[in-house]
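One structure is given below, encoded as structure tokens.
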Amino acid sequence: MISLRLVSVFLAILFATQSFAQDAKLIDAAKKEGKVVIYGSLETPVVEGVIQAFRKKTGLNAEYWRASAMSVMNRAMTEYRAGNPLFDVVLNNSDPLVIMAQDGMLAKYDSPTARKYPKEQIDARFGPITRYGIVGVVYHKGLIKAEDAPKSIEDLVNPKYKGKLVMADPTLHVTTIQWLSSLHKIMPKEKVDKFIRDLAAMKPTLVESMLPASERVATGEIPIGLTFVKFAYSAAQSGAPLDYVRVDKMLGDSHFVVLSNKAPHANAGKAFIDFYLDDETMKILAQSGEFVNRKGIYPPLPGADKIQYVQMEVLESKAFEEKKKEFGKIFLR
């Protein structure tokens, strides 16, 4: 029994030593490349916190370009098709990545850090789910009293809120197209079509993405927003009196970190992915208000642990374009 224990300890030490050596070898190769270039839809201040920790741990430099999910996809695809991709890593949600994968843009990288994730949370194309973009209703408490705020998603089409709503443009924004296409998962199917048309009839202000939607609410320009729930926390940290509508089930999308198959700095890209998937990054993201894929780690947002996450539909490119046209006819008429 003692000898078996000694063997087990020896093997554990050997494995840890080999893993460390492999990491060191990767970091050395990455340093020769100079930097990692990241394109993503995650807000810049949040990613900068991760990058600072990444630099401290590895000594590697990182550059980040941020835009909406669709804009990230479009820029990456334009560069790739022109034969001059400048990015190594993409942080984005599932639908744009599906389209990019269909174009053969993504490399398969089995990060050693991915072993920390259950198999059912690892996508064969994109790797582990890193976080969830949960969509809900946020409102400005200085303009809307709690008792007067919507009590459900269906309440958004109450005539008293007409002209008081902002949302990401469903003809441009990936997650909004997903959200509208997935409403049947959280409300009776027979009510979905009418709700979408009633929502369009509310004449919501349409903006590029979820972030400007939350900013319009935070400044008090528009009292109610359909956006990511996390902004109720981040806006409050900046002094804006935002809250979110508590409902049991909320739709959301899965986010991933992926490597380009033509990455100019492939080793640096792999090193960043290894770090991004690890616990240190997950804690940084959660403290910023993100809903990360780690059991027991929640954003410091009241009620966050009570939210029942419902995965949105993942749309292939043809279905995505069809929904985009459909919602364009409804919301832009």
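Ordering of the structure tokens sets the chain letters (A, B, ...), residue numbers begin anew at 1 in every chain, and ligands are numbered from 1 in the order given.
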- Query: Using only C-alpha atoms, which residues sit within 10 Å of Asn74 of chain A once same-chain residues fewer than 6 positions away are excluded, as a PyMOL selection string?
  - Reply: chain A and resi 68+80+96+100
- Message: Among segment 85-273 of chain A, which ones does DSSP assign to strand (DSSP E or B) (computed from the backbone)? Answer as a PyMOL selection string.
- Response: chain A and resi 89-93+106-107+122-123+127-128+131-140+165-168+205-207+224-228+242-244+249-260
- Query: Which residue out of A:Lys119, A:Arg246, A:Arg81, A:His173 has the minimum interatomic distance to Ala67 of chain A when only C-alpha atoms are used?
  - Reply: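 Of A:Lys119, A:Arg246, A:Arg81, A:His173, the one nearest Ala67 of chain A is A:His173, counting only C-alpha atoms.
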Within 12 Å of Tyr117 of chain A using only C-alpha atoms, minus same-chain residues under 5 positions, as a short mmCIF file (atom, residue, chain, number, x, y, z; two decimals) with C-alpha atoms, in the first residue's frame:
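Done, and the output landed in around15.cif:
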```cif
data_model
loop_
_atom_site.label_atom_id
_atom_site.label_comp_id
_atom_site.auth_asym_id
_atom_site.auth_seq_id
_atom_site.Cartn_x
_atom_site.Cartn_y
_atom_site.Cartn_z
CA ASP A 110 -7.12 21.47 -26.94
CA SER A 111 -5.93 23.65 -24.10
CA PRO A 112 -4.67 21.77 -21.03
CA ILE A 122 -17.04 21.71 -24.11
CA ASP A 123 -18.06 22.41 -27.71
CA GLY A 127 -13.77 24.42 -26.68
CA PRO A 128 -15.19 25.17 -23.20
CA ILE A 129 -17.99 27.64 -22.59
CA THR A 130 -16.32 30.49 -20.69
CA LEU A 277 -9.81 29.43 -19.34
CA ASP A 278 -8.23 29.22 -15.88
CA ASP A 279 -9.66 30.16 -12.49
CA VAL A 292 -18.88 32.77 -15.76
CA ASN A 293 -18.91 29.03 -16.29
CA ARG A 294 -17.62 28.11 -12.83
CA LYS A 295 -19.72 26.45 -10.16
#
```
Could you please write out, as a compact mmCIF listing (two decimals) with C-alpha atoms, in the first residue's frame, every residue of segment 141-234 of chain A that DSSP assigns to helix (DSSP H, G or I)?
```txt
# COMPACT_ATOMS: atom_id res chain seq x y z
CA ALA A 146 -39.67 49.47 -8.66
CA GLU A 147 -43.43 49.04 -8.36
CA ASP A 148 -43.91 50.62 -11.81
CA GLU A 154 -44.21 40.20 -21.61
CA ASP A 155 -44.72 43.44 -19.67
CA LEU A 156 -42.38 45.26 -22.07
CA VAL A 157 -45.25 45.66 -24.53
CA PRO A 159 -48.60 50.66 -23.75
CA LYS A 160 -47.35 52.75 -20.81
CA TYR A 161 -43.78 51.91 -21.84
CA VAL A 174 -26.39 38.81 -33.31
CA THR A 175 -27.55 38.25 -29.75
CA THR A 176 -30.80 40.15 -30.27
CA ILE A 177 -31.58 38.01 -33.31
CA GLN A 178 -30.84 34.92 -31.20
CA TRP A 179 -32.96 36.23 -28.33
CA LEU A 180 -36.02 36.90 -30.48
CA SER A 181 -35.60 33.51 -32.16
CA LEU A 183 -38.43 33.36 -26.97
CA HIS A 184 -40.43 30.15 -27.41
CA LYS A 185 -38.18 28.66 -24.72
CA LYS A 189 -45.09 29.43 -28.41
CA GLU A 190 -48.50 30.73 -29.46
CA LYS A 191 -47.69 34.12 -27.89
CA VAL A 192 -44.25 34.66 -29.40
CA ASP A 193 -45.15 36.08 -32.82
CA LYS A 194 -47.62 38.56 -31.36
CA PHE A 195 -45.15 39.62 -28.67
CA ILE A 196 -42.43 40.34 -31.25
CA ARG A 197 -44.82 42.43 -33.37
CA ASP A 198 -46.10 44.24 -30.27
CA LEU A 199 -42.52 44.91 -29.23
CA ALA A 200 -41.77 46.46 -32.62
CA ALA A 201 -44.95 48.54 -32.30
CA MET A 210 -26.14 45.75 -25.81
CA LEU A 211 -23.56 48.15 -24.36
CA PRO A 212 -24.98 51.37 -25.89
CA ALA A 213 -28.44 50.14 -24.89
CA SER A 214 -27.36 49.99 -21.27
CA GLU A 215 -25.58 53.34 -21.57
CA ARG A 216 -28.77 55.05 -22.74
CA VAL A 217 -30.50 53.77 -19.61
CA ALA A 218 -27.57 54.60 -17.32
CA LYS A 230 -24.61 42.29 -16.03
CA PHE A 231 -24.85 45.99 -16.91
CA ALA A 232 -27.14 46.53 -13.94
CA TYR A 233 -24.05 45.82 -11.84
CA SER A 234 -21.36 47.58 -13.85
```
- Do a neighbour search on Gly49 of chain A at 10 Å with only C-alpha atoms, toss out local chain neighbours closer than 5 positions, and write the hits as a list of chain:residue names.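 Counting only the stated atoms, we get A:Thr44, A:Phe54, A:Thr281, A:Ile284, A:Leu285, A:Ser288.
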- Task: Would you list the contacts of Arg125 of chain A as a PyMOL selection string, taking every protein, DNA or RNA residue within 9 Å and counting only C-alpha atoms, but skipping same-chain residues closer than 6 positions in sequence?
- Result: chain A and resi 98+101+106-108+258
Output N, CA and C atoms of each residue in that selection to a file, as a compact mmCIF listing (two decimals), in the first residue's frame.
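Ended up saving to selection_35.txt:
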```txt
# COMPACT_ATOMS: atom_id res chain seq x y z
N VAL A 98 -20.05 30.12 -35.23
CA VAL A 98 -20.54 29.08 -36.12
C VAL A 98 -20.28 29.47 -37.57
N ALA A 101 -16.60 29.30 -38.30
CA ALA A 101 -16.17 27.90 -38.40
C ALA A 101 -16.53 27.32 -39.76
N LEU A 106 -11.27 28.82 -37.95
CA LEU A 106 -10.89 28.55 -36.58
C LEU A 106 -10.02 27.30 -36.45
N ALA A 107 -9.00 27.39 -35.66
CA ALA A 107 -8.13 26.25 -35.38
C ALA A 107 -8.65 25.50 -34.16
N LYS A 108 -8.45 24.20 -34.15
CA LYS A 108 -8.83 23.43 -32.97
C LYS A 108 -7.63 23.40 -32.03
N VAL A 258 -11.43 31.43 -28.87
CA VAL A 258 -10.99 30.53 -29.94
C VAL A 258 -9.74 31.07 -30.64
```
Select from segment 147-259 of chain A every residue with an atom at most 6 Å from any atom of segment 311-322 of chain A, then for each give the shortest pair of atoms and their distance in Å to one decimal, using only C-alpha atoms, rows by chain and rising number, as JSON lines.
```
{"residue": "A:Ser182", "atom": "CA", "partner": "A:Met312", "partner_atom": "CA", "distance": 5.4}
{"residue": "A:Leu251", "atom": "CA", "partner": "A:Met312", "partner_atom": "CA", "distance": 5.8}
{"residue": "A:Gly252", "atom": "CA", "partner": "A:Gln311", "partner_atom": "CA", "distance": 5.3}
{"residue": "A:Asp253", "atom": "CA", "partner": "A:Met312", "partner_atom": "CA", "distance": 5.6}
```
Let's have the selection written as an mmCIF file, in the first residue's frame, with N, CA and C atoms.
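New file out27.cif:
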```
data_model
loop_
_atom_site.group_PDB
_atom_site.id
_atom_site.type_symbol
_atom_site.label_atom_id
_atom_site.label_comp_id
_atom_site.auth_asym_id
_atom_site.auth_seq_id
_atom_site.Cartn_x
_atom_site.Cartn_y
_atom_site.Cartn_z
ATOM 1 N N SER A 182 -35.472 32.765 -29.848
ATOM 2 C CA SER A 182 -35.484 31.776 -28.761
ATOM 3 C C SER A 182 -36.581 32.024 -27.735
ATOM 4 N N LEU A 251 -33.047 34.084 -20.996
ATOM 5 C CA LEU A 251 -32.307 33.569 -22.135
ATOM 6 C C LEU A 251 -30.889 34.126 -22.159
ATOM 7 N N GLY A 252 -29.986 33.313 -22.653
ATOM 8 C CA GLY A 252 -28.610 33.773 -22.771
ATOM 9 C C GLY A 252 -27.871 33.006 -23.848
ATOM 10 N N ASP A 253 -26.681 33.478 -24.161
ATOM 11 C CA ASP A 253 -25.853 32.807 -25.148
ATOM 12 C C ASP A 253 -24.522 32.402 -24.526
#
```
- Quick one: everything within 8 Å of Asp248 of chain A, counting only C-alpha atoms, minus sequence neighbours fewer than 4 positions away in the same chain. Send it as a VMD selection string. chain A and resid 306 to 308
